[in-house]
Amino acid sequence: MFVLCISDTTLVEPSLAFNISKNNKSFNNGCSSNRRCKCLDSNEGILADCSALGLTKSPHFQEGVVSVNLSFNLIIYLPDEGYLPTTLRHLDLTKNKISKFRNHELVPFSNVHNIISLNLSSNFLSLDDDTYYTGVFQNLKYLQYLDVSNNSNENRSYYCPDKVFQELSSLQNLLIDGVQNVTFGKGFSTLKNLTMLKITGIAVQRIINKEYFDNFPNLEHLDISATLEWRNITDFALTNFEKGSLQKLQKLQYLDISYHRKLRMCGFRNVTNDLPKTSIRILKANYLECERSVSTVLFVEDIKPLSYTKLEELYLDGNNLEETDYFVPLHLPMSLNYFSAKDNRWVINRYAYFYIAGLTGIITVDLSFQNKHQFSQSNNAWLCSETSHETTHCICDRVPPYVGESSFLNNHLHQHLWQASNKFDNFPLITSCIPYDGTVFELALIPVNTETIIIESAKVGEHIPPIYFSTSSVRKISLRNNQIYSFTGPICNLTNLQYFDLSSNRAVDISSYVFGSLTGLKHLEIDNNLLGNSNIFNTDDSAFIFENQTNLMFLNMSSNRLSILFRNFLIKSSKLNTILMDHNLLTDWNISLYHMKDLQFLDISWNEILYLSSDGMNLLEKAFHVNTTIDISNNPFECSCNSIYFLKWLQLHQKHFKGFDSYSCTYLHQYFDIPEANIHLIKDCNSYVGVIVSAAIGIIVFLAVISSMIIHRYRWKLRYWYYIFKGAYGGDRVKTACNFQFDVFVSYAEKDRWFPKEHMIEYLEKQGALRLCIHDRDFIAGSAIAENITNAIHNSRKFVCILTNNFLKSKWCMYEFNMALEDIVVTRQGKNSIIIVQLSRTDVRNIPREMRYIMNEDTYIDYPEDEENRVIFWESFERDLKF
């Protein structure tokens, strides 16, 4: 790995040393005397990588090399004078066998004065004055990054020669061992540029005393976390962190005290006690409790000092936290924007949960991996499992005095929660989300500016109820790998949510409205569930699941046992660019894609597709014009005459199918790729029988088309004659004025029934003595509607249309009008008997051509708006009907 020069306070991976040009290339002539070394050109110079070659001695490097990587070799001494180029700036000797800085009289690094980063970690350079002799670093005036960690981890006494390190006047980042009895003397106080310190092996020290960091006044980044490897936990575990140890680090912004399994939360309280005197921004206190120890509680006094800081990130992972003192959220700083409490034993307490709404700065909350303590996460967990008097004493000392006064406290908190609930009841979004009663919603109290909520693998269940979030600021929620068996909802007031992960919950049911109000959703993962078992996918209601997801871009529904999806399933999600439906039970493709102009990738691999139907192929072809890539691999394709059209289609459009060359099927007990299978099938399936069958089908289709055209052309006449001959008066073709059953047949839309029933009957029937046929009143019960209509028109002297927009939209009204036209031709010898009364203004563009012809040729009647003119209207209308 290449070593990086680090400025400011951030510790950066040495492998990120250079911004290597995209045009990197190997040097033909090499950059060292060992041709196995890799040489790369970068913007800064030549990078020489000789790592993991089993070298026992450094090769020579040519001038122009700025970085040398000799890590993971067997080198015993530092490279001799002249082996390293004068242009060298970065040297990595990690994981070798170096135990001394020199093997001759020359001072190390005598000809490489420009080195800015040096990595000597994981060697055998003991912290003592024999190894670190005076002048060892005198040639490294420009060194900014030095790593000598993991060199002195044996459990014995050392001495840290601080005067030697005093020579590193430009040093900014130091990684060093903090072994037993080692102190950092006054020589370190002269390193004015030193802002980052990582101390490894510090666990052997056991105790951090008040004077430990006195000579690091400019530290901004302090990492004293224990190694992730357990090794001998008896030797490698801090047991005490004295109060006052950090008070002199006024510039401290980053602190990591993680993985000291015996420090416990008592030690954490001592640390937080000092932090108001610092400039702390990030605090990591992970895994301070033994894995198999008793559960713990986060008390107010543990974090109260933090309220006087400007802390932005707090990590409390793996501390056996079961619950939180009621008032803890009230004492977290307003500046806190990231909170992580993963891998604990959290039990959400509704009263403590209420107070987090006051944390207006919180942006991200991560509560993943809860309640895993019943499983041992480490093979060495037993090394820290003893329950001692010391552990009990630590817990008892931290219990606040008001615990036990639960009755008073609970009443007080109940009152606060009741007031808060009343406040939220006033929000209109509770009832406007979905037509639900607001009282059935569960209220999720979230800090007002929270954007990310992560609760993964936390045994959350059992279902998603109707839930209302107190803030709409949330943009990302991950609930993957929990125990939510049903996605019911609705989920309300998350209009800004863009990323939602509900995968791996084994859910068996989903409602059509669960995502109804998530209008801003862009990325949705509901894979690895059992949603195919939900009844909704057997009905048209499944089309409403994503009805409001017009901004959705990524959808993952793989591994859900889905067997059928309706065509309009994603009709509103036009912005989709990735759809994952792999590992399901689909046998065909049924979903419309024509409207997805941005679709880039569709995965329907690992389904049960033998071959696609013509509809399925047509639907997928709609996506080809936007260069969509489709993965249909690992389906059990059938090689037969039934599938030949699909296989030809697949080969024709192979550029759109990911991994097409690997597609295959079985034919005559042999595996063939698709092109080979097509060759065999074309030869075997093209027979005379096929030609005859095709010709017969063609003739039948042709006759069917002609018949359909004729039937369509004369459909109204055919219908009319059918019902005429069906009636008892079948032979009575010419009607006279004396043998009509009714004077007027009134055709009206159901929504306009008030006009004939309230006015026409009064003025024309009661006052005018006309016989009206009103279908609500005069149709024969038990007869078909179409038969009733035809009979009534045939037995009525006049036909009156009550023309409105409702009339034009009614299929039965238009049926009645067309039957009246046929009756004029057949039984009235072409004499018009239709009178049109325009009850309200209609758009002429919506009026059928035949009706417009009658209105143009014959006078139609407008129903007047004022009462005075209506008297004249009814008199004139009655006269016309009797004529």
# chains A, B, ... in the order shown; residues from 1 in each chain; ligands from 1

$ residues_around --residues "A:Val65" --least-positions-apart "6" --cutoff "12 Å" --atoms "only C-alpha atoms" --output "number ranges by chain"
A: 27, 30-32, 38-49, 83-91, 112, 115

$ write_last_selection --atoms "N, CA, C and O atoms" --output "short mmCIF file (atom, residue, chain, number, x, y, z; two decimals), in the first residue's frame"
data_model
loop_
_atom_site.label_atom_id
_atom_site.label_comp_id
_atom_site.auth_asym_id
_atom_site.auth_seq_id
_atom_site.Cartn_x
_atom_site.Cartn_y
_atom_site.Cartn_z
N PHE A 27 6.06 0.93 -17.08
CA PHE A 27 7.29 1.37 -17.74
C PHE A 27 7.99 0.17 -18.35
O PHE A 27 8.22 -0.83 -17.69
N GLY A 30 11.28 -0.55 -16.53
CA GLY A 30 11.22 -0.75 -15.09
C GLY A 30 11.62 0.49 -14.34
O GLY A 30 12.07 1.49 -14.90
N CYS A 31 11.39 0.44 -13.01
CA CYS A 31 11.76 1.56 -12.15
C CYS A 31 12.66 1.14 -11.02
O CYS A 31 13.02 1.94 -10.17
N SER A 32 13.02 -0.16 -10.99
CA SER A 32 13.92 -0.66 -9.95
C SER A 32 14.74 -1.81 -10.51
O SER A 32 14.51 -2.28 -11.63
N LYS A 38 6.11 -3.51 -9.74
CA LYS A 38 5.20 -2.84 -10.67
C LYS A 38 5.47 -1.34 -10.66
O LYS A 38 5.62 -0.74 -9.60
N CYS A 39 5.53 -0.75 -11.85
CA CYS A 39 5.84 0.66 -11.97
C CYS A 39 4.67 1.38 -12.65
O CYS A 39 4.28 1.02 -13.75
N LEU A 40 4.17 2.37 -11.98
CA LEU A 40 3.05 3.13 -12.52
C LEU A 40 3.40 4.61 -12.54
O LEU A 40 4.08 5.12 -11.64
N ASP A 41 2.90 5.26 -13.58
CA ASP A 41 3.13 6.69 -13.69
C ASP A 41 1.93 7.42 -13.13
O ASP A 41 0.79 7.07 -13.42
N SER A 42 2.18 8.43 -12.31
CA SER A 42 1.12 9.23 -11.72
C SER A 42 1.37 10.70 -12.01
O SER A 42 2.39 11.07 -12.59
N ASN A 43 0.43 11.51 -11.58
CA ASN A 43 0.59 12.95 -11.78
C ASN A 43 1.80 13.49 -11.02
O ASN A 43 2.38 14.50 -11.40
N GLU A 44 2.18 12.82 -9.91
CA GLU A 44 3.27 13.30 -9.06
C GLU A 44 4.61 12.72 -9.45
O GLU A 44 5.66 13.30 -9.19
N GLY A 45 4.59 11.53 -10.04
CA GLY A 45 5.84 10.86 -10.42
C GLY A 45 5.61 9.38 -10.55
O GLY A 45 4.47 8.91 -10.68
N ILE A 46 6.70 8.61 -10.47
CA ILE A 46 6.62 7.15 -10.63
C ILE A 46 6.32 6.49 -9.29
O ILE A 46 6.93 6.82 -8.27
N LEU A 47 5.36 5.53 -9.31
CA LEU A 47 5.01 4.75 -8.13
C LEU A 47 5.58 3.35 -8.30
O LEU A 47 5.29 2.67 -9.28
N ALA A 48 6.39 2.92 -7.35
CA ALA A 48 7.02 1.59 -7.42
C ALA A 48 6.38 0.69 -6.37
O ALA A 48 6.46 0.97 -5.17
N ASP A 49 5.75 -0.39 -6.82
CA ASP A 49 5.08 -1.34 -5.92
C ASP A 49 5.84 -2.65 -5.91
O ASP A 49 5.79 -3.42 -6.88
N TYR A 83 20.10 3.26 -2.30
CA TYR A 83 19.07 2.37 -2.85
C TYR A 83 17.78 3.13 -3.15
O TYR A 83 17.03 2.78 -4.05
N LEU A 84 17.53 4.13 -2.33
CA LEU A 84 16.31 4.92 -2.52
C LEU A 84 16.64 6.20 -3.27
O LEU A 84 17.69 6.83 -3.04
N PRO A 85 15.74 6.66 -4.16
CA PRO A 85 16.03 7.87 -4.96
C PRO A 85 15.85 9.14 -4.12
O PRO A 85 15.09 9.16 -3.14
N THR A 86 16.52 10.18 -4.50
CA THR A 86 16.41 11.46 -3.79
C THR A 86 15.03 12.10 -3.99
O THR A 86 14.66 12.99 -3.25
N THR A 87 14.31 11.62 -5.00
CA THR A 87 12.97 12.17 -5.27
C THR A 87 11.89 11.52 -4.42
O THR A 87 10.72 11.88 -4.51
N LEU A 88 12.25 10.56 -3.57
CA LEU A 88 11.28 9.80 -2.79
C LEU A 88 10.53 10.69 -1.81
O LEU A 88 11.12 11.50 -1.10
N ARG A 89 9.20 10.50 -1.76
CA ARG A 89 8.35 11.25 -0.82
C ARG A 89 7.51 10.32 0.07
O ARG A 89 7.05 10.73 1.13
N HIS A 90 7.32 9.07 -0.37
CA HIS A 90 6.47 8.14 0.38
C HIS A 90 7.16 6.78 0.44
O HIS A 90 7.54 6.23 -0.60
N LEU A 91 7.27 6.24 1.65
CA LEU A 91 7.93 4.95 1.83
C LEU A 91 7.07 4.09 2.75
O LEU A 91 6.72 4.50 3.86
N VAL A 112 17.46 10.88 1.43
CA VAL A 112 16.05 11.03 1.08
C VAL A 112 15.43 12.05 2.04
O VAL A 112 14.62 11.70 2.89
N ILE A 115 11.12 12.97 2.23
CA ILE A 115 10.04 12.05 2.60
C ILE A 115 9.00 12.78 3.44
O ILE A 115 9.33 13.48 4.40
#

$ residues_around --residues "A:Trp346" --least-positions-apart "6" --cutoff "9 Å" --atoms "only C-alpha atoms" --output "PyMOL selection string"
chain A and resi 320-324+367+370-371+458

$ write_last_selection --atoms "N, CA, C and O atoms" --output "PDB file, in the first residue's frame"
ATOM      1  N   ASN A 320     -24.548  -3.135  25.038  1.00  0.00           N
ATOM      2  CA  ASN A 320     -25.566  -3.869  25.803  1.00  0.00           C
ATOM      3  C   ASN A 320     -26.683  -2.954  26.301  1.00  0.00           C
ATOM      4  O   ASN A 320     -27.352  -3.260  27.290  1.00  0.00           O
ATOM      5  N   LEU A 321     -26.897  -1.826  25.636  1.00  0.00           N
ATOM      6  CA  LEU A 321     -27.929  -0.888  26.051  1.00  0.00           C
ATOM      7  C   LEU A 321     -29.314  -1.495  25.806  1.00  0.00           C
ATOM      8  O   LEU A 321     -29.638  -1.887  24.696  1.00  0.00           O
ATOM      9  N   GLU A 322     -30.090  -1.554  26.885  1.00  0.00           N
ATOM     10  CA  GLU A 322     -31.430  -2.123  26.777  1.00  0.00           C
ATOM     11  C   GLU A 322     -32.497  -1.040  26.701  1.00  0.00           C
ATOM     12  O   GLU A 322     -33.502  -1.180  26.022  1.00  0.00           O
ATOM     13  N   GLU A 323     -32.260   0.042  27.432  1.00  0.00           N
ATOM     14  CA  GLU A 323     -33.197   1.150  27.395  1.00  0.00           C
ATOM     15  C   GLU A 323     -32.481   2.437  27.765  1.00  0.00           C
ATOM     16  O   GLU A 323     -31.300   2.434  28.131  1.00  0.00           O
ATOM     17  N   THR A 324     -33.214   3.518  27.674  1.00  0.00           N
ATOM     18  CA  THR A 324     -32.659   4.842  27.923  1.00  0.00           C
ATOM     19  C   THR A 324     -33.411   5.500  29.069  1.00  0.00           C
ATOM     20  O   THR A 324     -34.634   5.394  29.162  1.00  0.00           O
ATOM     21  N   LEU A 367     -30.125   2.339  14.250  1.00  0.00           N
ATOM     22  CA  LEU A 367     -30.413   1.452  15.382  1.00  0.00           C
ATOM     23  C   LEU A 367     -30.443  -0.005  14.923  1.00  0.00           C
ATOM     24  O   LEU A 367     -31.243  -0.808  15.403  1.00  0.00           O
ATOM     25  N   GLN A 370     -30.194  -5.025  16.564  1.00  0.00           N
ATOM     26  CA  GLN A 370     -30.567  -5.072  17.976  1.00  0.00           C
ATOM     27  C   GLN A 370     -30.879  -6.512  18.397  1.00  0.00           C
ATOM     28  O   GLN A 370     -31.235  -7.367  17.594  1.00  0.00           O
ATOM     29  N   ASN A 371     -30.727  -6.728  19.706  1.00  0.00           N
ATOM     30  CA  ASN A 371     -31.152  -7.989  20.333  1.00  0.00           C
ATOM     31  C   ASN A 371     -30.499  -9.228  19.722  1.00  0.00           C
ATOM     32  O   ASN A 371     -31.151 -10.233  19.458  1.00  0.00           O
ATOM     33  N   ALA A 458     -32.973  -5.847  13.252  1.00  0.00           N
ATOM     34  CA  ALA A 458     -33.242  -5.472  14.638  1.00  0.00           C
ATOM     35  C   ALA A 458     -34.470  -6.177  15.202  1.00  0.00           C
ATOM     36  O   ALA A 458     -35.005  -5.768  16.229  1.00  0.00           O
TER      37      ALA A 458
END

$ closest_residue --among "A:Glu456, A:Glu868, A:Glu878, A:Asp582" --to "A:Asn635" --atoms "only C-alpha atoms"
A:Asp582

$ residues_around --residues "A:Phe184" --least-positions-apart "6" --cutoff "12 Å" --atoms "only C-alpha atoms" --output "count of residues only"
24

$ select_by_dssp --residues "stretch 44-102 of chain A" --states "strand (DSSP E)" --output "list of chain:residue names"
A:Ile46, A:Leu47, A:Ala48, A:Asp49, A:Val65, A:Val66, A:Ser67, A:Val68, A:Asn69, A:His90, A:Leu91, A:Asp92

$ select_by_dssp --residues "stretch 563-660 of chain A" --states "alpha helix (DSSP H)" --output "ChimeraX atom specification"
/A:614-621,644-652

$ residues_around --residues "A:Leu881" --least-positions-apart "6" --cutoff "10 Å" --atoms "only C-alpha atoms" --output "ChimeraX atom specification"
/A:743-744,764,770,797-800,833,835

$ write_last_selection --atoms "all heavy atoms" --output "short mmCIF file (atom, residue, chain, number, x, y, z; two decimals), in the first residue's frame"
data_model
loop_
_atom_site.label_atom_id
_atom_site.label_comp_id
_atom_site.auth_asym_id
_atom_site.auth_seq_id
_atom_site.Cartn_x
_atom_site.Cartn_y
_atom_site.Cartn_z
N ASP A 743 -97.69 7.91 -27.36
CA ASP A 743 -97.49 9.09 -28.22
C ASP A 743 -96.01 9.46 -28.32
O ASP A 743 -95.53 9.88 -29.36
CB ASP A 743 -98.29 10.28 -27.67
CG ASP A 743 -99.79 10.07 -27.79
OD1 ASP A 743 -100.24 9.78 -28.90
OD2 ASP A 743 -100.48 10.17 -26.75
N VAL A 744 -95.31 9.33 -27.21
CA VAL A 744 -93.91 9.81 -27.17
C VAL A 744 -93.06 8.81 -26.39
O VAL A 744 -93.44 8.39 -25.28
CB VAL A 744 -93.81 11.19 -26.49
CG1 VAL A 744 -92.35 11.67 -26.49
CG2 VAL A 744 -94.70 12.20 -27.20
N LEU A 764 -97.18 17.38 -20.11
CA LEU A 764 -97.59 16.71 -21.35
C LEU A 764 -98.58 15.58 -21.10
O LEU A 764 -99.43 15.30 -21.96
CB LEU A 764 -96.35 16.15 -22.06
CG LEU A 764 -95.29 17.20 -22.46
CD1 LEU A 764 -94.11 16.52 -23.12
CD2 LEU A 764 -95.90 18.23 -23.43
N LEU A 770 -101.20 13.45 -23.31
CA LEU A 770 -100.33 12.63 -24.16
C LEU A 770 -99.87 11.41 -23.37
O LEU A 770 -99.73 11.44 -22.15
CB LEU A 770 -99.12 13.44 -24.61
CG LEU A 770 -99.38 14.57 -25.61
CD1 LEU A 770 -98.14 15.43 -25.79
CD2 LEU A 770 -99.85 14.02 -26.96
N ARG A 797 -95.27 6.94 -31.28
CA ARG A 797 -95.44 7.79 -32.46
C ARG A 797 -94.28 8.78 -32.62
O ARG A 797 -93.88 9.08 -33.74
CB ARG A 797 -96.77 8.54 -32.35
CG ARG A 797 -97.19 9.32 -33.58
CD ARG A 797 -98.66 9.74 -33.50
NE ARG A 797 -98.94 10.42 -32.24
CZ ARG A 797 -98.68 11.72 -32.04
NH1 ARG A 797 -98.14 12.45 -32.99
NH2 ARG A 797 -98.96 12.28 -30.88
N LYS A 798 -93.76 9.32 -31.55
CA LYS A 798 -92.65 10.26 -31.60
C LYS A 798 -91.51 9.76 -30.70
O LYS A 798 -91.73 9.03 -29.72
CB LYS A 798 -93.10 11.64 -31.12
CG LYS A 798 -94.13 12.33 -32.01
CD LYS A 798 -93.49 12.86 -33.28
CE LYS A 798 -94.48 13.68 -34.10
NZ LYS A 798 -93.89 14.22 -35.35
N PHE A 799 -90.31 10.23 -31.04
CA PHE A 799 -89.10 9.89 -30.25
C PHE A 799 -88.47 11.21 -29.82
O PHE A 799 -88.09 12.02 -30.65
CB PHE A 799 -88.11 9.07 -31.09
CG PHE A 799 -86.85 8.72 -30.36
CD1 PHE A 799 -86.76 7.53 -29.64
CD2 PHE A 799 -85.74 9.57 -30.39
CE1 PHE A 799 -85.60 7.20 -28.97
CE2 PHE A 799 -84.60 9.23 -29.72
CZ PHE A 799 -84.51 8.04 -29.01
N VAL A 800 -88.38 11.45 -28.49
CA VAL A 800 -87.84 12.70 -27.96
C VAL A 800 -86.51 12.42 -27.24
O VAL A 800 -86.45 11.58 -26.33
CB VAL A 800 -88.83 13.38 -26.99
CG1 VAL A 800 -88.17 14.60 -26.33
CG2 VAL A 800 -90.09 13.78 -27.73
N SER A 833 -89.36 11.13 -37.10
CA SER A 833 -90.21 11.20 -35.91
C SER A 833 -89.41 11.61 -34.68
O SER A 833 -89.89 11.48 -33.56
CB SER A 833 -90.87 9.83 -35.67
OG SER A 833 -89.87 8.85 -35.46
N ILE A 835 -87.53 14.22 -32.23
CA ILE A 835 -87.50 15.61 -31.77
C ILE A 835 -86.42 15.71 -30.70
O ILE A 835 -86.41 14.94 -29.73
CB ILE A 835 -88.85 16.05 -31.20
CG1 ILE A 835 -89.93 15.99 -32.29
CG2 ILE A 835 -88.77 17.46 -30.61
CD1 ILE A 835 -91.33 16.31 -31.78
#

$ closest_residue --among "A:Asn818, A:Glu301, A:Leu803, A:Ile644" --to "A:Arg841" --atoms "only C-alpha atoms"
A:Leu803

$ residues_around --residues "A:Trp649" --least-positions-apart "2" --cutoff "12 Å" --atoms "only C-alpha atoms" --output "PyMOL selection string"
chain A and resi 611-614+616-618+620-621+643-647+651-657+674-675+678

$ decode --residues "stretch 35-45 of chain A" --atoms "all heavy atoms" --output "compact mmCIF listing (two decimals), in the first residue's frame"
# COMPACT_ATOMS: atom_id res chain seq x y z
N ARG A 35 12.74 -6.65 -11.51
CA ARG A 35 11.74 -6.52 -12.57
C ARG A 35 10.34 -6.96 -12.14
O ARG A 35 9.37 -6.70 -12.84
CB ARG A 35 12.17 -7.37 -13.78
CG ARG A 35 13.43 -6.86 -14.46
CD ARG A 35 13.16 -5.53 -15.10
NE ARG A 35 14.34 -4.97 -15.75
CZ ARG A 35 14.36 -3.88 -16.48
NH1 ARG A 35 13.24 -3.21 -16.65
NH2 ARG A 35 15.48 -3.43 -17.02
N ARG A 36 10.24 -7.60 -10.98
CA ARG A 36 8.91 -8.00 -10.52
C ARG A 36 8.13 -6.85 -9.91
O ARG A 36 6.93 -6.95 -9.68
CB ARG A 36 9.03 -9.14 -9.50
CG ARG A 36 9.52 -10.45 -10.10
CD ARG A 36 9.43 -11.56 -9.07
NE ARG A 36 10.31 -11.31 -7.93
CZ ARG A 36 10.24 -11.94 -6.75
NH1 ARG A 36 9.29 -12.84 -6.56
NH2 ARG A 36 11.08 -11.66 -5.78
N CYS A 37 8.83 -5.80 -9.61
CA CYS A 37 8.14 -4.62 -9.08
C CYS A 37 7.26 -3.99 -10.16
O CYS A 37 7.64 -3.94 -11.33
CB CYS A 37 9.16 -3.59 -8.58
SG CYS A 37 10.16 -4.15 -7.19
N LYS A 38 6.11 -3.51 -9.74
CA LYS A 38 5.20 -2.84 -10.67
C LYS A 38 5.47 -1.34 -10.66
O LYS A 38 5.62 -0.74 -9.60
CB LYS A 38 3.75 -3.10 -10.28
CG LYS A 38 3.37 -4.57 -10.29
CD LYS A 38 1.95 -4.77 -9.76
CE LYS A 38 1.60 -6.25 -9.70
NZ LYS A 38 0.24 -6.46 -9.14
N CYS A 39 5.53 -0.75 -11.85
CA CYS A 39 5.84 0.66 -11.97
C CYS A 39 4.67 1.38 -12.65
O CYS A 39 4.28 1.02 -13.75
CB CYS A 39 7.11 0.87 -12.80
SG CYS A 39 8.53 -0.04 -12.16
N LEU A 40 4.17 2.37 -11.98
CA LEU A 40 3.05 3.13 -12.52
C LEU A 40 3.40 4.61 -12.54
O LEU A 40 4.08 5.12 -11.64
CB LEU A 40 1.79 2.91 -11.68
CG LEU A 40 1.23 1.49 -11.62
CD1 LEU A 40 0.08 1.43 -10.65
CD2 LEU A 40 0.79 1.04 -13.00
N ASP A 41 2.90 5.26 -13.58
CA ASP A 41 3.13 6.69 -13.69
C ASP A 41 1.93 7.42 -13.13
O ASP A 41 0.79 7.07 -13.42
CB ASP A 41 3.33 7.05 -15.17
CG ASP A 41 3.78 8.49 -15.34
OD1 ASP A 41 4.22 9.07 -14.32
OD2 ASP A 41 3.69 9.02 -16.45
N SER A 42 2.18 8.43 -12.31
CA SER A 42 1.12 9.23 -11.72
C SER A 42 1.37 10.70 -12.01
O SER A 42 2.39 11.07 -12.59
CB SER A 42 1.04 9.00 -10.21
OG SER A 42 2.07 9.68 -9.56
N ASN A 43 0.43 11.51 -11.58
CA ASN A 43 0.59 12.95 -11.78
C ASN A 43 1.80 13.49 -11.02
O ASN A 43 2.38 14.50 -11.40
CB ASN A 43 -0.67 13.69 -11.33
CG ASN A 43 -1.87 13.35 -12.20
OD1 ASN A 43 -1.71 12.96 -13.36
ND2 ASN A 43 -3.05 13.47 -11.63
N GLU A 44 2.18 12.82 -9.91
CA GLU A 44 3.27 13.30 -9.06
C GLU A 44 4.61 12.72 -9.45
O GLU A 44 5.66 13.30 -9.19
CB GLU A 44 2.95 12.99 -7.61
CG GLU A 44 3.87 13.68 -6.63
CD GLU A 44 3.43 13.46 -5.19
OE1 GLU A 44 2.30 13.02 -4.99
OE2 GLU A 44 4.22 13.73 -4.28
N GLY A 45 4.59 11.53 -10.04
CA GLY A 45 5.84 10.86 -10.42
C GLY A 45 5.61 9.38 -10.55
O GLY A 45 4.47 8.91 -10.68
